>>> print(open('structure.txt').read())   # compact mmCIF, C-alpha atoms
# COMPACT_ATOMS: atom_id res chain seq x y z
CA MET A 1 -20.03 -15.31 -24.74
CA LEU A 2 -20.49 -18.52 -22.74
CA THR A 3 -18.32 -17.10 -19.94
CA ARG A 4 -20.53 -14.00 -19.80
CA GLU A 5 -23.65 -16.19 -19.62
CA TRP A 6 -22.29 -18.05 -16.59
CA LEU A 7 -21.19 -14.79 -14.96
CA GLU A 8 -24.74 -13.48 -15.28
CA LYS A 9 -25.84 -16.47 -13.22
CA GLY A 10 -23.82 -15.12 -10.29
CA ILE A 11 -20.82 -17.45 -10.20
CA SER A 12 -17.16 -16.41 -10.08
CA TYR A 13 -15.15 -15.57 -13.19
CA ALA A 14 -12.89 -18.61 -12.71
CA SER A 15 -15.86 -20.96 -12.44
CA ALA A 16 -17.61 -19.32 -15.39
CA GLN A 17 -14.49 -19.70 -17.51
CA GLN A 18 -14.16 -23.36 -16.49
CA LYS A 19 -17.78 -24.12 -17.40
CA ALA A 20 -17.41 -22.37 -20.76
CA ALA A 21 -14.19 -24.31 -21.44
CA ASP A 22 -15.89 -27.59 -20.50
CA ALA A 23 -18.64 -26.88 -23.01
CA ILE A 24 -16.18 -26.11 -25.81
CA LEU A 25 -13.05 -28.20 -25.12
CA SER A 26 -14.42 -31.22 -23.27
CA LYS A 27 -11.51 -33.16 -21.65
CA ARG A 28 -8.95 -30.61 -22.81
CA ALA A 29 -10.61 -28.07 -20.51
CA ASP A 30 -8.76 -29.61 -17.55
CA VAL A 31 -6.02 -27.08 -18.15
CA PHE A 32 -8.33 -24.40 -16.70
CA SER A 33 -8.63 -26.22 -13.37
CA SER A 34 -5.28 -24.87 -12.13
CA PRO A 35 -5.08 -21.19 -11.04
CA ASN A 36 -1.51 -21.00 -12.33
CA ASN A 37 -2.59 -22.32 -15.73
CA VAL A 38 -5.35 -19.70 -15.86
CA LEU A 39 -2.78 -17.00 -15.14
CA GLY A 40 -0.48 -18.38 -17.83
CA ILE A 41 -3.32 -18.39 -20.35
CA GLU A 42 -3.98 -14.72 -19.60
CA TYR A 43 -0.29 -13.97 -20.23
CA ILE A 44 -0.47 -15.75 -23.59
CA LYS A 45 -3.63 -13.84 -24.50
CA ALA A 46 -1.82 -10.59 -23.71
CA LEU A 47 1.14 -11.61 -25.90
CA LYS A 48 -1.24 -12.24 -28.80
CA ARG A 49 -3.14 -9.02 -28.16
CA TYR A 50 0.03 -6.94 -28.38
CA ASP A 51 1.55 -9.03 -31.18
CA SER A 52 4.60 -9.66 -29.00
CA ASN A 53 7.66 -11.60 -30.16
CA MET A 54 8.06 -13.15 -26.71
CA GLN A 55 7.83 -16.95 -26.69
CA PRO A 56 6.03 -18.39 -23.64
CA LEU A 57 7.73 -21.26 -21.81
CA THR A 58 5.79 -23.53 -19.48
CA MET A 59 7.30 -24.92 -16.27
CA LYS A 60 5.69 -27.47 -13.99
CA ARG A 61 4.80 -26.12 -10.56
CA THR A 62 6.17 -28.17 -7.67
CA GLY A 63 5.42 -28.00 -3.96
CA GLY A 64 2.14 -26.60 -2.66
CA ASP A 65 -0.73 -25.50 -4.85
CA HIS A 66 -1.67 -21.87 -5.36
CA ASP A 67 -3.19 -20.36 -2.16
CA SER A 68 -2.59 -23.58 -0.22
CA ASP A 69 -1.14 -23.57 3.30
CA THR A 70 1.51 -26.17 2.52
CA GLY A 71 4.61 -26.53 0.36
CA TYR A 72 6.13 -23.52 -1.34
CA SER A 73 2.96 -21.53 -2.06
CA ALA A 74 2.99 -17.80 -1.32
CA SER A 75 0.20 -18.33 1.22
CA ALA A 76 2.27 -20.91 3.11
CA LEU A 77 5.36 -18.71 3.08
CA ARG A 78 3.41 -15.67 4.32
CA LYS A 79 1.93 -17.79 7.10
CA SER A 80 5.43 -18.87 8.09
CA PHE A 81 6.72 -15.29 8.14
CA LEU A 82 3.81 -13.99 10.18
CA SER A 83 4.21 -16.79 12.72
CA GLY A 84 7.77 -15.61 13.33
CA SER A 85 9.49 -18.45 11.49
CA LEU A 86 11.66 -17.56 8.52
CA PRO A 87 11.59 -20.37 5.93
CA ALA A 88 15.37 -20.25 5.74
CA ALA A 89 15.77 -23.46 3.76
CA LEU A 90 13.66 -22.01 0.92
CA MET A 91 15.39 -18.60 0.73
CA PRO A 92 18.55 -17.45 -1.04
CA GLU A 93 21.23 -16.40 1.42
CA ALA A 94 21.03 -12.71 0.46
CA ALA A 95 17.21 -12.62 0.86
CA LEU A 96 17.46 -14.44 4.20
CA SER A 97 19.97 -11.89 5.44
CA ILE A 98 17.70 -8.99 4.49
CA GLY A 99 14.70 -10.68 6.08
CA LYS A 100 16.53 -11.16 9.36
CA GLU A 101 17.74 -7.56 9.33
CA GLU A 102 14.23 -6.15 8.74
CA ILE A 103 12.81 -8.25 11.56
CA ASP A 104 15.63 -7.20 13.92
CA LEU A 105 14.92 -3.53 13.10
CA GLY A 106 11.21 -3.99 13.79
CA ARG A 107 10.17 -3.33 10.20
CA GLY A 108 8.66 -6.68 9.41
CA PRO A 109 6.82 -8.77 8.72
CA VAL A 110 3.92 -6.48 7.72
CA SER A 111 0.35 -7.68 7.23
CA LEU A 112 -3.13 -6.25 6.74
CA LYS A 113 -3.87 -7.14 10.35
CA ARG A 114 -0.98 -5.07 11.68
CA ALA A 115 -2.09 -2.10 9.60
CA GLU A 116 -5.75 -2.64 10.42
CA LEU A 117 -6.51 0.48 12.49
CA ALA A 118 -4.90 2.77 9.93
CA ILE A 119 -6.77 1.03 7.09
CA LEU A 120 -10.12 1.19 8.92
CA SER A 121 -9.61 4.89 9.60
CA ARG A 122 -9.10 5.60 5.91
CA LEU A 123 -11.95 3.37 4.76
CA ARG A 124 -14.43 5.05 7.12
CA SER A 125 -13.61 8.45 5.63
CA ILE A 126 -14.71 7.31 2.14
CA ASN A 127 -18.22 8.27 1.07
CA ASP A 128 -18.12 6.85 -2.45
CA PHE A 129 -16.43 3.61 -3.49
CA SER A 130 -17.47 3.82 -7.15
CA ASN A 131 -14.13 5.43 -8.15
CA VAL A 132 -12.09 2.54 -6.74
CA PRO A 133 -10.59 0.26 -9.44
CA GLY A 134 -12.39 -3.07 -9.55
CA THR A 135 -15.78 -1.97 -8.27
CA SER A 136 -18.75 -2.94 -10.43
CA GLU A 137 -22.21 -4.44 -10.31
CA GLY A 138 -23.02 -3.20 -6.81
CA LEU A 139 -19.67 -3.93 -5.15
CA GLU A 140 -19.30 -0.25 -4.24
CA SER A 141 -22.58 -0.37 -2.32
CA ARG A 142 -21.60 -3.56 -0.50
CA PHE A 143 -18.28 -2.06 0.56
CA MET A 144 -19.99 1.09 1.78
CA ARG A 145 -22.48 -0.94 3.81
CA TYR A 146 -19.94 -3.13 5.58
CA VAL A 147 -17.24 -0.49 6.05
CA LYS A 148 -19.74 1.64 7.96
CA LYS A 149 -20.71 -1.11 10.43
CA GLU A 150 -17.90 -3.67 10.77
CA SER A 151 -14.97 -3.45 13.17
CA SER A 152 -12.24 -5.35 11.29
CA VAL A 153 -10.84 -5.89 7.81
CA THR A 154 -11.74 -9.58 8.04
CA THR A 155 -15.43 -8.97 8.79
CA ILE A 156 -15.66 -6.31 6.06
CA LEU A 157 -14.31 -8.74 3.47
CA SER A 158 -16.49 -11.58 4.76
CA GLY A 159 -19.57 -9.37 4.49
CA VAL A 160 -18.77 -8.19 0.97
CA LYS A 161 -17.81 -11.67 -0.26
CA THR A 162 -20.14 -13.52 -2.62
CA LYS A 163 -19.58 -16.54 -4.87
CA ARG A 164 -19.07 -14.20 -7.80
CA TYR A 165 -16.01 -12.44 -6.44
CA THR A 166 -12.74 -13.98 -5.32
CA MET A 167 -11.29 -12.91 -1.98
CA SER A 168 -8.06 -11.83 -3.70
CA ARG A 169 -10.02 -9.36 -5.85
CA LEU A 170 -11.83 -7.97 -2.80
CA ARG A 171 -8.56 -7.58 -0.89
CA ARG A 172 -7.05 -5.65 -3.82
CA LEU A 173 -10.11 -3.40 -3.95
CA LEU A 174 -9.95 -2.77 -0.21
CA VAL A 175 -6.26 -1.87 -0.34
CA CYS A 176 -6.80 0.43 -3.35
CA ALA A 177 -9.57 2.18 -1.47
CA SER A 178 -7.47 2.64 1.66
CA LEU A 179 -4.56 4.01 -0.38
CA GLY A 180 -6.74 6.47 -2.29
CA ILE A 181 -6.14 4.86 -5.70
CA ARG A 182 -8.87 5.92 -8.15
CA VAL A 183 -9.92 4.64 -11.55
CA ASP A 184 -8.62 7.74 -13.33
CA TYR A 185 -5.12 7.11 -11.94
CA ILE A 186 -4.77 3.82 -13.81
CA LYS A 187 -6.18 4.98 -17.14
CA HIS A 188 -3.09 6.95 -18.10
CA GLU A 189 0.27 5.78 -19.36
CA PRO A 190 3.03 5.76 -16.71
CA SER A 191 4.23 9.28 -15.90
CA TYR A 192 7.77 8.30 -14.94
CA ALA A 193 10.14 5.43 -14.29
CA ARG A 194 11.76 5.35 -10.88
CA VAL A 195 15.11 3.73 -10.12
CA LEU A 196 14.97 1.92 -6.77
CA ALA A 197 18.33 0.14 -6.84
CA MET A 198 21.25 -0.47 -9.19
CA ASN A 199 24.71 -1.97 -9.42
CA SER A 200 27.73 -0.73 -11.36
CA THR A 201 26.29 -2.05 -14.62
CA GLY A 202 23.04 -0.25 -13.94
CA LYS A 203 24.91 2.99 -13.35
CA ASN A 204 26.54 2.71 -16.74
CA LEU A 205 23.23 1.95 -18.44
CA LEU A 206 21.34 4.77 -16.75
CA ALA A 207 22.78 7.53 -18.92
CA ALA A 208 21.97 5.61 -22.09
CA ALA A 209 18.49 4.82 -20.83
CA ARG A 210 17.73 8.49 -20.19
CA LYS A 211 18.49 9.24 -23.84
CA LYS A 212 16.37 6.44 -25.29
CA THR A 213 13.27 6.21 -23.11
CA LYS A 214 10.28 8.50 -23.56
CA LEU A 215 9.57 8.34 -19.83
CA PRO A 216 11.37 10.65 -17.40
CA ILE A 217 13.64 8.61 -15.12
CA ILE A 218 13.62 9.61 -11.46
CA THR A 219 16.53 8.92 -9.15
CA LYS A 220 15.90 11.75 -6.64
CA PRO A 221 12.29 12.06 -5.39
CA ALA A 222 12.27 15.88 -5.43
CA SER A 223 12.90 15.87 -9.18
CA VAL A 224 9.27 14.83 -9.71
CA TYR A 225 8.32 18.47 -9.22
CA GLY A 226 9.96 19.20 -12.55
CA LEU A 227 7.39 16.95 -14.27
CA ASN A 228 3.70 17.46 -15.01
CA GLU A 229 0.85 17.65 -12.53
CA THR A 230 -0.19 14.02 -13.05
CA ALA A 231 3.31 12.78 -12.22
CA VAL A 232 3.37 14.84 -9.04
CA LYS A 233 -0.01 13.48 -7.93
CA LEU A 234 1.08 9.90 -8.56
CA PHE A 235 4.32 10.32 -6.64
CA GLU A 236 2.46 11.94 -3.74
CA LEU A 237 0.14 8.93 -3.77
CA GLU A 238 3.18 6.63 -3.72
CA ALA A 239 4.55 8.54 -0.74
CA ALA A 240 1.20 8.34 1.06
CA ALA A 241 1.13 4.57 0.51
CA THR A 242 4.51 4.26 2.22
CA ASP A 243 3.29 6.44 5.10
CA LEU A 244 0.43 3.99 5.62
CA TYR A 245 2.67 0.93 5.25
CA VAL A 246 5.19 1.98 7.90
CA LEU A 247 2.42 2.35 10.49
CA ALA A 248 2.39 -1.47 10.58
CA TYR A 249 6.00 -1.61 11.81
CA GLN A 250 6.51 -2.92 15.33
CA ASN A 251 9.30 -0.44 16.01
CA GLU A 252 7.72 2.99 16.63
CA GLU A 253 10.95 4.78 15.74
CA GLU A 254 10.72 3.40 12.19
CA ARG A 255 7.19 4.78 11.58
CA SER A 256 8.17 8.35 10.66
CA ALA A 257 6.28 10.01 7.82
CA GLY A 258 7.77 11.17 4.53
CA GLN A 259 10.24 8.30 4.14
CA GLU A 260 9.56 8.03 0.41
CA TRP A 261 10.78 11.59 -0.11
CA ARG A 262 14.09 10.83 1.59
CA ARG A 263 14.99 7.64 -0.28
CA SER A 264 17.65 7.52 -2.96
CA PRO A 265 18.36 4.41 -5.05
CA ILE A 266 20.18 1.63 -3.22
CA ILE A 267 23.60 1.00 -4.71
CA ILE A 268 24.44 -2.70 -4.71
>>> encode(input="structure.txt", output="structure tokens")
Amino acid sequence: MLTREWLEKGISYASAQQKAADAILSKRADVFSSPNNVLGIEYIKALKRYDSNMQPLTMKRTGGDHDSDTGYSASALRKSFLSGSLPAALMPEAALSIGKEEIDLGRGPVSLKRAELAILSRLRSINDFSNVPGTSEGLESRFMRYVKKESSVTTILSGVKTKRYTMSRLRRLLVCASLGIRVDYIKHEPSYARVLAMNSTGKNLLAAARKKTKLPIITKPASVYGLNETAVKLFELEAAATDLYVLAYQNEEERSAGQEWRRSPIII
């Protein structure tokens, strides 16, 4: 209840949670000051909610802080990639090899900036943001206002941003909107499980998995047409997301449409 009271005052969820924790836990509330701790607490809450037998294990974070531009944070690593410098010393050999190959083929790195024109085109065709997951309390109106007048993803997000909403939430909302993801798509249970890659052990387990799981397992994209209408719509949405993603490739020859429909699982 205290968190809700602070939210109603127009501050962000993280700040509201911290203030509520300060009021209840005093010095022990310091645990909420770290974004990674907050995420871990949410995981623990989910375990309790679902009465899970999983036992959480805490590990101390080293290197840069969450969202910092130094150390081993995801933000720092993305910045390194986008500047054209692979952080080779921080990558496993196999991942480094794949990264180099994708760059050589002109398929990476990909960023919102490099997909900006395609994203803006999709956003400007939207007349109602209320069906986008994450919109509430007037956010849909703010997105509509700034999408219709701004010329970049950065200025749209800057215009929509308030103290109450984190930039990461707004970026997720913007991407969902540009991909055509609607609230009703995420209310249902998963329609299928899709195998993206497997080794010899995975091959042996696949037959057993098909017999035990309630979800249909897809290895060939076309097989989705044997499922229900919801599954087909979700897979078509997945394919459309890939079509948007590849438009950010530097190599024009790699930007062909329909790539998701032609992909079979990678055999390792």
>>> residues_around(input="structure.txt", residues="Lys45 of chain A", least_positions_apart="6", cutoff="12 Å", atoms="only C-alpha atoms", output="PyMOL selection string")
chain A and resi 38-39+51-52+54+56
>>> atom_distance(input="structure.txt", atom1="atom CA of Ser264 of chain A", atom2="atom CA of Val110 of chain A")
22.3 Å
>>> atom_distance(input="structure.txt", atom1="atom CA of Leu112 of chain A", atom2="atom CA of Ala197 of chain A")
26.2 Å
>>> atom_distance(input="structure.txt", atom1="atom CA of Val132 of chain A", atom2="atom CA of Leu247 of chain A")
22.5 Å
>>> closest_residue(input="structure.txt", among="A:Ala177, A:Leu90, A:Glu238, A:Val160", to="Asn127 of chain A", atoms="only C-alpha atoms")
A:Ala177
>>> residues_around(input="structure.txt", residues="segment 135-152 of chain A", least_positions_apart="4", cutoff="9 Å", atoms="all atoms listed in the file", output="compact mmCIF listing (two decimals) with C-alpha atoms, in the frame of the given file")
# COMPACT_ATOMS: atom_id res chain seq x y z
CA LYS A 113 -3.87 -7.14 10.35
CA GLU A 116 -5.75 -2.64 10.42
CA LEU A 117 -6.51 0.48 12.49
CA LEU A 120 -10.12 1.19 8.92
CA LEU A 123 -11.95 3.37 4.76
CA ARG A 124 -14.43 5.05 7.12
CA ILE A 126 -14.71 7.31 2.14
CA ASN A 127 -18.22 8.27 1.07
CA ASP A 128 -18.12 6.85 -2.45
CA PHE A 129 -16.43 3.61 -3.49
CA SER A 130 -17.47 3.82 -7.15
CA ASN A 131 -14.13 5.43 -8.15
CA ILE A 156 -15.66 -6.31 6.06
CA LEU A 157 -14.31 -8.74 3.47
CA GLY A 159 -19.57 -9.37 4.49
CA VAL A 160 -18.77 -8.19 0.97
CA LYS A 161 -17.81 -11.67 -0.26
CA LEU A 173 -10.11 -3.40 -3.95
CA LEU A 174 -9.95 -2.77 -0.21
>>> axis_aligned_box(input="structure.txt", around="segment 239-247 of chain A", padding_each_side="4 Å", output="AutoDock Vina command-line options")
--center_x 2.8 --center_y 4.7 --center_z 4.9 --size_x 12.8 --size_y 15.6 --size_z 19.2
>>> residues_around(input="structure.txt", residues="segment 221-228 of chain A", least_positions_apart="4", cutoff="12 Å", atoms="only C-alpha atoms", output="ChimeraX atom specification")
/A:190-196,215-217,232-236,238-239,258-265
>>> write_last_selection(input="structure.txt", atoms="C-alpha atoms", output="mmCIF file, in the frame of the given file")
data_model
loop_
_atom_site.group_PDB
_atom_site.id
_atom_site.type_symbol
_atom_site.label_atom_id
_atom_site.label_comp_id
_atom_site.auth_asym_id
_atom_site.auth_seq_id
_atom_site.Cartn_x
_atom_site.Cartn_y
_atom_site.Cartn_z
ATOM 1 C CA PRO A 190 3.030 5.760 -16.710
ATOM 2 C CA SER A 191 4.230 9.280 -15.900
ATOM 3 C CA TYR A 192 7.770 8.300 -14.940
ATOM 4 C CA ALA A 193 10.140 5.430 -14.290
ATOM 5 C CA ARG A 194 11.760 5.350 -10.880
ATOM 6 C CA VAL A 195 15.110 3.730 -10.120
ATOM 7 C CA LEU A 196 14.970 1.920 -6.770
ATOM 8 C CA LEU A 215 9.570 8.340 -19.830
ATOM 9 C CA PRO A 216 11.370 10.650 -17.400
ATOM 10 C CA ILE A 217 13.640 8.610 -15.120
ATOM 11 C CA VAL A 232 3.370 14.840 -9.040
ATOM 12 C CA LYS A 233 -0.010 13.480 -7.930
ATOM 13 C CA LEU A 234 1.080 9.900 -8.560
ATOM 14 C CA PHE A 235 4.320 10.320 -6.640
ATOM 15 C CA GLU A 236 2.460 11.940 -3.740
ATOM 16 C CA GLU A 238 3.180 6.630 -3.720
ATOM 17 C CA ALA A 239 4.550 8.540 -0.740
ATOM 18 C CA GLY A 258 7.770 11.170 4.530
ATOM 19 C CA GLN A 259 10.240 8.300 4.140
ATOM 20 C CA GLU A 260 9.560 8.030 0.410
ATOM 21 C CA TRP A 261 10.780 11.590 -0.110
ATOM 22 C CA ARG A 262 14.090 10.830 1.590
ATOM 23 C CA ARG A 263 14.990 7.640 -0.280
ATOM 24 C CA SER A 264 17.650 7.520 -2.960
ATOM 25 C CA PRO A 265 18.360 4.410 -5.050
#
>>> closest_residue(input="structure.txt", among="A:Asn204, A:Ser80, A:Thr58, A:Gln17", to="Asn37 of chain A", atoms="all atoms listed in the file")
A:Thr58
>>> closest_residue(input="structure.txt", among="A:Ser168, A:Thr62, A:Ser15, A:Ser85", to="Ile103 of chain A", atoms="only C-alpha atoms")
A:Ser85
>>> closest_residue(input="structure.txt", among="A:Arg164, A:Asp184, A:Ser178, A:Ile266", to="Ser200 of chain A", atoms="all atoms listed in the file")
A:Ile266
>>> closest_residue(input="structure.txt", among="A:Thr230, A:Thr213, A:Asn36, A:Thr219", to="Lys187 of chain A", atoms="only C-alpha atoms")
A:Thr230
>>> residues_around(input="structure.txt", residues="Phe81 of chain A", least_positions_apart="2", cutoff="12 Å", atoms="all atoms listed in the file", output="VMD selection string")
chain A and resid 74 to 79 83 to 88 91 96 99 to 100 102 to 103 108 to 111
>>> closest_residue(input="structure.txt", among="A:Pro133, A:Ala241, A:Ala21, A:Arg28", to="Arg169 of chain A", atoms="all atoms listed in the file")
A:Pro133
>>> decode(input="structure.txt", residues="segment 46-61 of chain A", atoms="N, CA and C atoms", output="PDB file, in the first residue's frame")
ATOM      1  N   ALA A  46       8.206 -14.332  -7.157  1.00  0.00           N
ATOM      2  CA  ALA A  46       7.568 -15.227  -8.120  1.00  0.00           C
ATOM      3  C   ALA A  46       7.669 -16.677  -7.656  1.00  0.00           C
ATOM      4  N   LEU A  47       8.814 -17.055  -7.088  1.00  0.00           N
ATOM      5  CA  LEU A  47       8.976 -18.420  -6.573  1.00  0.00           C
ATOM      6  C   LEU A  47       7.954 -18.709  -5.483  1.00  0.00           C
ATOM      7  N   LYS A  48       7.733 -17.743  -4.616  1.00  0.00           N
ATOM      8  CA  LYS A  48       6.761 -17.912  -3.528  1.00  0.00           C
ATOM      9  C   LYS A  48       5.328 -17.955  -4.092  1.00  0.00           C
ATOM     10  N   ARG A  49       5.087 -17.102  -5.073  1.00  0.00           N
ATOM     11  CA  ARG A  49       3.743 -17.047  -5.658  1.00  0.00           C
ATOM     12  C   ARG A  49       3.348 -18.385  -6.279  1.00  0.00           C
ATOM     13  N   TYR A  50       4.308 -19.028  -6.937  1.00  0.00           N
ATOM     14  CA  TYR A  50       4.016 -20.293  -7.618  1.00  0.00           C
ATOM     15  C   TYR A  50       4.392 -21.513  -6.772  1.00  0.00           C
ATOM     16  N   ASP A  51       4.740 -21.278  -5.506  1.00  0.00           N
ATOM     17  CA  ASP A  51       5.077 -22.359  -4.590  1.00  0.00           C
ATOM     18  C   ASP A  51       6.142 -23.272  -5.200  1.00  0.00           C
ATOM     19  N   SER A  52       7.172 -22.658  -5.765  1.00  0.00           N
ATOM     20  CA  SER A  52       8.223 -23.401  -6.457  1.00  0.00           C
ATOM     21  C   SER A  52       9.196 -24.040  -5.462  1.00  0.00           C
ATOM     22  N   ASN A  53       9.766 -25.165  -5.874  1.00  0.00           N
ATOM     23  CA  ASN A  53      10.778 -25.849  -5.065  1.00  0.00           C
ATOM     24  C   ASN A  53      12.184 -25.308  -5.333  1.00  0.00           C
ATOM     25  N   MET A  54      12.307 -24.408  -6.286  1.00  0.00           N
ATOM     26  CA  MET A  54      13.624 -23.845  -6.608  1.00  0.00           C
ATOM     27  C   MET A  54      14.168 -23.052  -5.425  1.00  0.00           C
ATOM     28  N   GLN A  55      15.465 -23.218  -5.159  1.00  0.00           N
ATOM     29  CA  GLN A  55      16.115 -22.502  -4.072  1.00  0.00           C
ATOM     30  C   GLN A  55      16.980 -21.377  -4.648  1.00  0.00           C
ATOM     31  N   PRO A  56      16.658 -20.118  -4.343  1.00  0.00           N
ATOM     32  CA  PRO A  56      17.454 -19.007  -4.884  1.00  0.00           C
ATOM     33  C   PRO A  56      18.862 -18.990  -4.308  1.00  0.00           C
ATOM     34  N   LEU A  57      19.819 -18.595  -5.124  1.00  0.00           N
ATOM     35  CA  LEU A  57      21.218 -18.506  -4.708  1.00  0.00           C
ATOM     36  C   LEU A  57      21.733 -17.126  -5.094  1.00  0.00           C
ATOM     37  N   THR A  58      22.221 -16.379  -4.132  1.00  0.00           N
ATOM     38  CA  THR A  58      22.720 -15.035  -4.419  1.00  0.00           C
ATOM     39  C   THR A  58      24.194 -15.075  -4.799  1.00  0.00           C
ATOM     40  N   MET A  59      24.577 -14.210  -5.737  1.00  0.00           N
ATOM     41  CA  MET A  59      25.970 -14.086  -6.163  1.00  0.00           C
ATOM     42  C   MET A  59      26.301 -12.599  -6.246  1.00  0.00           C
ATOM     43  N   LYS A  60      27.437 -12.223  -5.754  1.00  0.00           N
ATOM     44  CA  LYS A  60      27.842 -10.821  -5.744  1.00  0.00           C
ATOM     45  C   LYS A  60      28.194 -10.370  -7.149  1.00  0.00           C
ATOM     46  N   ARG A  61      27.629  -9.239  -7.561  1.00  0.00           N
ATOM     47  CA  ARG A  61      27.932  -8.687  -8.873  1.00  0.00           C
ATOM     48  C   ARG A  61      29.289  -8.000  -8.828  1.00  0.00           C
TER      49      ARG A  61
END
